Number of protein chains: 2
Amino acid sequence: MDILKQMILNKGRVVNEDILKVDSFLNHQVDYHLMKEIGSEFFNYFKKYNITKVFTIESSGIAPAIMTASEFKVPMVILKKQKPNTLDTNFYQTPVKSFTKQSMYNLTLSKDYISENDRILIIDDFLANGEAAKGAIKLIENAGACVAGIGIVIEKSFQPGREILDKAGYVVYSLARINSLKNNKIEFID
Amino acid sequence: MDILKQMILNKGRVVNEDILKVDSFLNHQVDYHLMKEIGSEFFNYFKKYNITKVFTIESSGIAPAIMTASEFKVPMVILKKQKPNTLDTNFYQTPVKSFTKQSMYNLTLSKDYISENDRILIIDDFLANGEAAKGAIKLIENAGACVAGIGIVIEKSFQPGREILDKAGYVVYSLARINSLKNNKIEFID
């Protein structure tokens, strides 16, 4: 997706070989126009997959996910990183390891917002080690629903997440695939 | 805002005198159409205020805030509840007490995404005790920028937040104002 790649090149900053800082347009300050374009792009790619709901993990995936849900005209569901205190006993939960924050959290989903008939598109801002995506997949499949696709804004292809998801047979579409951040240089795949 | 009030009456659930559960359309599962309508409504109310940026607090404010930013055609900024590890020394921070979660967090804003010329619209899902809004105001005013308005999706008018913000002279527009949740009944103001 050219507009995204240009923004990454113009505004992204390589922190080290593993970390790309994109907080001027994706994570902290968010570009509304880019979010709309991302929503359209995911819709065009996944429109044949009969998506019934868009799922994301709080919180940086919410903006691209609501724009995507809006294109599909389906609800968005935010997987929570801790159990909301209004949620009683009726939920699924799975532990997820965050490499960036060096911590664990319990990804949480109310049973009310998923059914066996759902075909779910997971949207997230980054794919790195794939831990968050694996957690989301586990919750969705525990509920008997289908992961119809996974849409990623920025994939760090040099980390294991993409390969894990490919090998498990999921349809993954990443809008920008980064091959390397070595020598302070952003190198894309393709 | 009628569509919102109807949704609160039809789908909201009174947990107790203080807590309204709206996680089927606002907090956990999110209704894309409602978010768009909310964005339009805030735009219509605040369009004369020369808004340059929309700020929100992660994470339930993000969906209505990006739709609002999209109407204004301005960036959205997400105030973080903890310092991202890509953020070095260049940030503002203020402690905020969360009554719902009975905990404290450090509301964090990079200095890169605010300037003295900014006229900021704060958007959040709930206004209760006003602690989150006060934290956001403090960060914005510390940076020398102007809080041009505060847009709230659901205001619990029986809690002190609204009065505190009114007395301090801020322009607050709440799309649904709840007078009481007593006796398991949702009662609006107006």
# chains A, B, ... in the order shown; residues from 1 in each chain; ligands from 1
$ residues_around --residues "Arg177 in chain A" --least-positions-apart "2" --cutoff "6 Å" --atoms "only C-alpha atoms" --output "ChimeraX atom specification"
/A:155,157,188-189
$ write_last_selection --atoms "N, CA and C atoms" --output "short mmCIF file (atom, residue, chain, number, x, y, z; two decimals), in the first residue's frame"
data_model
loop_
_atom_site.label_atom_id
_atom_site.label_comp_id
_atom_site.auth_asym_id
_atom_site.auth_seq_id
_atom_site.Cartn_x
_atom_site.Cartn_y
_atom_site.Cartn_z
N GLU A 155 3.93 -5.21 9.05
CA GLU A 155 4.49 -6.51 9.42
C GLU A 155 6.01 -6.41 9.46
N SER A 157 8.62 -8.53 8.93
CA SER A 157 8.73 -9.87 8.33
C SER A 157 9.95 -10.63 8.81
N PHE A 188 11.69 -2.64 2.57
CA PHE A 188 10.43 -3.37 2.40
C PHE A 188 10.62 -4.65 1.60
N ILE A 189 9.71 -5.61 1.78
CA ILE A 189 9.59 -6.75 0.87
C ILE A 189 8.75 -6.29 -0.31
#
$ residues_around --residues "Ile38 in chain A" --least-positions-apart "6" --cutoff "10 Å" --atoms "only C-alpha atoms" --output "PyMOL selection string"
chain A and resi 1+3-4+32+44+63-65+67-68+151-153+175
$ residues_around --residues "range 89-92 of chain A" --least-positions-apart "2" --cutoff "8 Å" --atoms "only C-alpha atoms" --output "list in words"
Leu87, Thr94, Thr108, Leu109, Ser110, Lys111, Asp112, Leu139, Asn142 and Ala143 of chain A
$ write_last_selection --atoms "N, CA, C and O atoms" --output "PDB file, in the first residue's frame"
ATOM      1  N   LEU A  87     -17.752  -6.962  33.385  1.00  0.00           N
ATOM      2  CA  LEU A  87     -17.867  -8.299  32.810  1.00  0.00           C
ATOM      3  C   LEU A  87     -17.878  -9.315  33.947  1.00  0.00           C
ATOM      4  O   LEU A  87     -16.959  -9.358  34.762  1.00  0.00           O
ATOM      5  N   THR A  94      -7.336 -15.729  27.534  1.00  0.00           N
ATOM      6  CA  THR A  94      -6.102 -16.467  27.267  1.00  0.00           C
ATOM      7  C   THR A  94      -4.901 -15.565  27.567  1.00  0.00           C
ATOM      8  O   THR A  94      -4.938 -14.372  27.269  1.00  0.00           O
ATOM      9  N   THR A 108      -9.100 -10.847  26.749  1.00  0.00           N
ATOM     10  CA  THR A 108     -10.432 -11.157  27.270  1.00  0.00           C
ATOM     11  C   THR A 108     -11.522 -10.812  26.260  1.00  0.00           C
ATOM     12  O   THR A 108     -11.476  -9.755  25.634  1.00  0.00           O
ATOM     13  N   LEU A 109     -12.493 -11.718  26.132  1.00  0.00           N
ATOM     14  CA  LEU A 109     -13.608 -11.547  25.197  1.00  0.00           C
ATOM     15  C   LEU A 109     -14.886 -12.029  25.849  1.00  0.00           C
ATOM     16  O   LEU A 109     -14.966 -13.174  26.310  1.00  0.00           O
ATOM     17  N   SER A 110     -15.894 -11.170  25.891  1.00  0.00           N
ATOM     18  CA  SER A 110     -17.205 -11.582  26.389  1.00  0.00           C
ATOM     19  C   SER A 110     -17.816 -12.616  25.443  1.00  0.00           C
ATOM     20  O   SER A 110     -17.736 -12.476  24.222  1.00  0.00           O
ATOM     21  N   LYS A 111     -18.432 -13.634  26.001  1.00  0.00           N
ATOM     22  CA  LYS A 111     -19.090 -14.652  25.167  1.00  0.00           C
ATOM     23  C   LYS A 111     -20.284 -14.079  24.401  1.00  0.00           C
ATOM     24  O   LYS A 111     -20.758 -14.678  23.441  1.00  0.00           O
ATOM     25  N   ASP A 112     -20.766 -12.910  24.844  1.00  0.00           N
ATOM     26  CA  ASP A 112     -21.930 -12.303  24.192  1.00  0.00           C
ATOM     27  C   ASP A 112     -21.638 -11.817  22.772  1.00  0.00           C
ATOM     28  O   ASP A 112     -22.568 -11.599  21.998  1.00  0.00           O
ATOM     29  N   LEU A 139      -8.892 -17.359  21.197  1.00  0.00           N
ATOM     30  CA  LEU A 139     -10.198 -16.978  21.752  1.00  0.00           C
ATOM     31  C   LEU A 139     -11.316 -17.237  20.745  1.00  0.00           C
ATOM     32  O   LEU A 139     -12.376 -17.768  21.088  1.00  0.00           O
ATOM     33  N   ASN A 142     -11.789 -21.019  20.208  1.00  0.00           N
ATOM     34  CA  ASN A 142     -12.422 -21.593  21.417  1.00  0.00           C
ATOM     35  C   ASN A 142     -13.927 -21.398  21.387  1.00  0.00           C
ATOM     36  O   ASN A 142     -14.685 -22.225  21.899  1.00  0.00           O
ATOM     37  N   ALA A 143     -14.347 -20.281  20.810  1.00  0.00           N
ATOM     38  CA  ALA A 143     -15.781 -19.971  20.746  1.00  0.00           C
ATOM     39  C   ALA A 143     -16.458 -20.697  19.584  1.00  0.00           C
ATOM     40  O   ALA A 143     -17.661 -20.540  19.379  1.00  0.00           O
TER      41      ALA A 143
END
$ closest_atom_pairs --of "chain A" --to "chain B" --cutoff "7 Å" --atoms "only C-alpha atoms" --output "Markdown table"
| residue | atom | partner | partner_atom | distance |
| --- | --- | --- | --- | --- |
| A:Lys21 | CA | B:Thr86 | CA | 6.4 |
| A:His28 | CA | B:Ile78 | CA | 5.2 |
| A:Gln29 | CA | B:Val77 | CA | 4.2 |
| A:Val30 | CA | B:Met76 | CA | 5.1 |
| A:Asp31 | CA | B:Pro75 | CA | 5.3 |
| A:Tyr32 | CA | B:Ser70 | CA | 5.3 |
| A:Glu58 | CA | B:Ser59 | CA | 6.6 |
| A:Ser59 | CA | B:Ser59 | CA | 5.6 |
| A:Ile62 | CA | B:Ala63 | CA | 6.5 |
| A:Ala63 | CA | B:Ala63 | CA | 6.1 |
| A:Ile66 | CA | B:Ala63 | CA | 6.3 |
| A:Ala69 | CA | B:Tyr32 | CA | 6.4 |
| A:Ser70 | CA | B:Tyr32 | CA | 5.3 |
| A:Lys73 | CA | B:Tyr32 | CA | 7.0 |
| A:Pro75 | CA | B:Asp31 | CA | 5.3 |
| A:Met76 | CA | B:Val30 | CA | 5.1 |
| A:Val77 | CA | B:Gln29 | CA | 4.2 |
| A:Ile78 | CA | B:His28 | CA | 5.2 |
| A:Thr86 | CA | B:Lys21 | CA | 6.4 |
| A:Tyr113 | CA | B:Gln29 | CA | 6.6 |
$ write_last_selection --atoms "N, CA and C atoms" --output "CSV table (one decimal), in the first residue's frame"
chain,number,residue,atom,x,y,z
A,21,LYS,N,9.6,3.3,15.0
A,21,LYS,CA,8.7,4.2,15.6
A,21,LYS,C,7.8,4.9,14.6
A,28,HIS,N,0.3,6.9,18.2
A,28,HIS,CA,0.1,7.9,19.3
A,28,HIS,C,-0.7,9.1,18.7
A,29,GLN,N,-0.1,9.8,17.7
A,29,GLN,CA,-0.9,10.6,16.8
A,29,GLN,C,-1.3,9.7,15.7
A,30,VAL,N,-2.6,9.9,15.2
A,30,VAL,CA,-3.1,9.0,14.2
A,30,VAL,C,-3.7,9.8,13.1
A,31,ASP,N,-3.3,9.5,11.9
A,31,ASP,CA,-3.7,10.2,10.6
A,31,ASP,C,-5.0,9.6,10.2
A,32,TYR,N,-6.1,10.5,10.2
A,32,TYR,CA,-7.4,10.0,9.9
A,32,TYR,C,-7.5,9.6,8.5
A,58,GLU,N,-6.9,-4.1,21.9
A,58,GLU,CA,-6.7,-2.8,22.4
A,58,GLU,C,-5.2,-2.5,22.5
A,59,SER,N,-4.6,-1.3,22.2
A,59,SER,CA,-5.5,-0.2,21.8
A,59,SER,C,-5.1,0.4,20.4
A,62,ILE,N,-7.4,-0.2,17.2
A,62,ILE,CA,-8.8,0.2,17.2
A,62,ILE,C,-9.1,1.2,16.1
A,63,ALA,N,-8.2,2.1,15.8
A,63,ALA,CA,-8.6,3.1,14.8
A,63,ALA,C,-8.6,2.5,13.4
A,66,ILE,N,-11.9,0.1,13.3
A,66,ILE,CA,-13.3,0.7,13.2
A,66,ILE,C,-13.5,1.2,11.8
A,69,ALA,N,-14.3,-2.0,9.9
A,69,ALA,CA,-15.6,-2.5,10.2
A,69,ALA,C,-16.7,-1.6,9.5
A,70,SER,N,-16.4,-0.3,9.5
A,70,SER,CA,-17.3,0.7,8.8
A,70,SER,C,-17.4,0.4,7.3
A,73,LYS,N,-19.5,-2.7,7.1
A,73,LYS,CA,-20.8,-2.5,7.8
A,73,LYS,C,-21.1,-3.7,8.8
A,75,PRO,N,-20.1,-5.1,13.1
A,75,PRO,CA,-19.6,-4.6,14.4
A,75,PRO,C,-18.1,-4.8,14.5
A,76,MET,N,-17.4,-4.0,15.3
A,76,MET,CA,-16.0,-4.2,15.7
A,76,MET,C,-16.1,-4.7,17.1
A,77,VAL,N,-15.2,-5.6,17.4
A,77,VAL,CA,-15.0,-6.1,18.8
A,77,VAL,C,-13.6,-5.8,19.3
A,78,ILE,N,-13.5,-5.2,20.4
A,78,ILE,CA,-12.1,-4.9,21.0
A,78,ILE,C,-11.8,-6.0,22.0
A,86,THR,N,-17.2,-4.6,34.5
A,86,THR,CA,-18.6,-4.9,34.2
A,86,THR,C,-18.8,-6.3,33.6
A,113,TYR,N,-20.4,-11.6,22.4
A,113,TYR,CA,-20.1,-10.9,21.2
A,113,TYR,C,-19.4,-11.8,20.2
$ select_by_dssp --residues "range 124-187 of chain A" --states "strand (DSSP E or B)" --output "VMD selection string"
chain A and resid 124 to 127 146 to 156 172 to 180 187
$ write_last_selection --atoms "C-alpha atoms" --output "PDB file, in the first residue's frame"
ATOM      1  CA  ASP A 124      -3.909  -5.148  14.214  1.00  0.00           C
ATOM      2  CA  ASP A 125      -1.358  -2.382  13.816  1.00  0.00           C
ATOM      3  CA  PHE A 126       1.774  -4.570  14.024  1.00  0.00           C
ATOM      4  CA  LEU A 127       2.701  -8.189  13.440  1.00  0.00           C
ATOM      5  CA  CYS A 146     -13.887 -18.979  12.161  1.00  0.00           C
ATOM      6  CA  VAL A 147     -10.852 -16.740  11.658  1.00  0.00           C
ATOM      7  CA  ALA A 148     -11.584 -15.711   8.075  1.00  0.00           C
ATOM      8  CA  GLY A 149      -8.529 -13.494   7.740  1.00  0.00           C
ATOM      9  CA  ILE A 150      -5.881 -11.397   9.447  1.00  0.00           C
ATOM     10  CA  GLY A 151      -5.162  -7.831   8.314  1.00  0.00           C
ATOM     11  CA  ILE A 152      -1.960  -6.196   9.544  1.00  0.00           C
ATOM     12  CA  VAL A 153      -0.915  -2.598   9.012  1.00  0.00           C
ATOM     13  CA  ILE A 154       2.857  -3.101   9.442  1.00  0.00           C
ATOM     14  CA  GLU A 155       4.493  -6.514   9.418  1.00  0.00           C
ATOM     15  CA  LYS A 156       8.031  -6.949  10.646  1.00  0.00           C
ATOM     16  CA  VAL A 172      -2.708 -12.867   6.242  1.00  0.00           C
ATOM     17  CA  TYR A 173      -2.646  -9.553   4.384  1.00  0.00           C
ATOM     18  CA  SER A 174      -0.086  -6.999   5.551  1.00  0.00           C
ATOM     19  CA  LEU A 175      -0.196  -3.498   4.083  1.00  0.00           C
ATOM     20  CA  ALA A 176       3.538  -2.931   4.556  1.00  0.00           C
ATOM     21  CA  ARG A 177       6.045  -5.752   4.977  1.00  0.00           C
ATOM     22  CA  ILE A 178       9.391  -4.772   6.418  1.00  0.00           C
ATOM     23  CA  ASN A 179      12.274  -7.003   5.506  1.00  0.00           C
ATOM     24  CA  SER A 180      14.910  -5.304   7.628  1.00  0.00           C
ATOM     25  CA  GLU A 187      13.796  -2.070   3.672  1.00  0.00           C
TER      26      GLU A 187
END
$ residues_around --residues "Gly144 in chain A" --least-positions-apart "6" --cutoff "10 Å" --atoms "only C-alpha atoms" --output "PyMOL selection string"
chain A and resi 114-118+138
$ select_by_dssp --residues "range 28-151 of chain B" --states "alpha helix (DSSP H)" --output "ChimeraX atom specification"
/B:32-46,62-72,131-142
$ write_last_selection --atoms "C-alpha atoms" --output "PDB file, in the first residue's frame"
ATOM      1  CA  TYR B  32     -19.691   1.370  13.473  1.00  0.00           C
ATOM      2  CA  HIS B  33     -22.817   3.291  12.442  1.00  0.00           C
ATOM      3  CA  LEU B  34     -23.217   4.843  15.879  1.00  0.00           C
ATOM      4  CA  MET B  35     -19.544   5.886  15.819  1.00  0.00           C
ATOM      5  CA  LYS B  36     -20.054   7.666  12.484  1.00  0.00           C
ATOM      6  CA  GLU B  37     -23.141   9.453  13.786  1.00  0.00           C
ATOM      7  CA  ILE B  38     -21.230  10.483  16.907  1.00  0.00           C
ATOM      8  CA  GLY B  39     -18.420  11.894  14.741  1.00  0.00           C
ATOM      9  CA  SER B  40     -20.946  13.961  12.742  1.00  0.00           C
ATOM     10  CA  GLU B  41     -22.700  15.175  15.861  1.00  0.00           C
ATOM     11  CA  PHE B  42     -19.493  16.375  17.539  1.00  0.00           C
ATOM     12  CA  PHE B  43     -18.419  18.027  14.283  1.00  0.00           C
ATOM     13  CA  ASN B  44     -21.699  19.918  13.994  1.00  0.00           C
ATOM     14  CA  TYR B  45     -21.509  21.114  17.578  1.00  0.00           C
ATOM     15  CA  PHE B  46     -17.841  22.130  17.629  1.00  0.00           C
ATOM     16  CA  ILE B  62     -10.525   5.936  20.301  1.00  0.00           C
ATOM     17  CA  ALA B  63     -13.389   4.793  18.044  1.00  0.00           C
ATOM     18  CA  PRO B  64     -15.589   7.890  18.529  1.00  0.00           C
ATOM     19  CA  ALA B  65     -12.479  10.129  18.462  1.00  0.00           C
ATOM     20  CA  ILE B  66     -11.143   8.872  15.105  1.00  0.00           C
ATOM     21  CA  MET B  67     -14.598   9.338  13.551  1.00  0.00           C
ATOM     22  CA  THR B  68     -14.704  12.884  14.947  1.00  0.00           C
ATOM     23  CA  ALA B  69     -11.152  13.659  13.746  1.00  0.00           C
ATOM     24  CA  SER B  70     -12.170  12.318  10.359  1.00  0.00           C
ATOM     25  CA  GLU B  71     -15.058  14.817  10.160  1.00  0.00           C
ATOM     26  CA  PHE B  72     -12.788  17.709  11.196  1.00  0.00           C
ATOM     27  CA  GLU B 131     -10.441  12.554  36.599  1.00  0.00           C
ATOM     28  CA  ALA B 132      -9.451  11.491  33.066  1.00  0.00           C
ATOM     29  CA  ALA B 133     -10.704  14.759  31.547  1.00  0.00           C
ATOM     30  CA  LYS B 134      -8.854  16.782  34.198  1.00  0.00           C
ATOM     31  CA  GLY B 135      -5.657  14.844  33.408  1.00  0.00           C
ATOM     32  CA  ALA B 136      -6.034  15.490  29.684  1.00  0.00           C
ATOM     33  CA  ILE B 137      -6.698  19.205  30.315  1.00  0.00           C
ATOM     34  CA  LYS B 138      -3.613  19.450  32.517  1.00  0.00           C
ATOM     35  CA  LEU B 139      -1.359  17.913  29.845  1.00  0.00           C
ATOM     36  CA  ILE B 140      -2.797  20.161  27.124  1.00  0.00           C
ATOM     37  CA  GLU B 141      -2.527  23.344  29.178  1.00  0.00           C
ATOM     38  CA  ASN B 142       0.983  22.455  30.400  1.00  0.00           C
TER      39      ASN B 142
END
$ atom_distance --atom1 "CA of Pro160 in chain A" --atom2 "CA of Gly130 in chain A"
7.0 Å
$ closest_residue --among "A:Thr52, A:Met7, A:Gln159, A:Leu165" --to "Leu181 in chain A" --atoms "only C-alpha atoms"
A:Gln159
$ atom_distance --atom1 "CA of Thr56 in chain B" --atom2 "CA of Ile123 in chain B"
5.2 Å
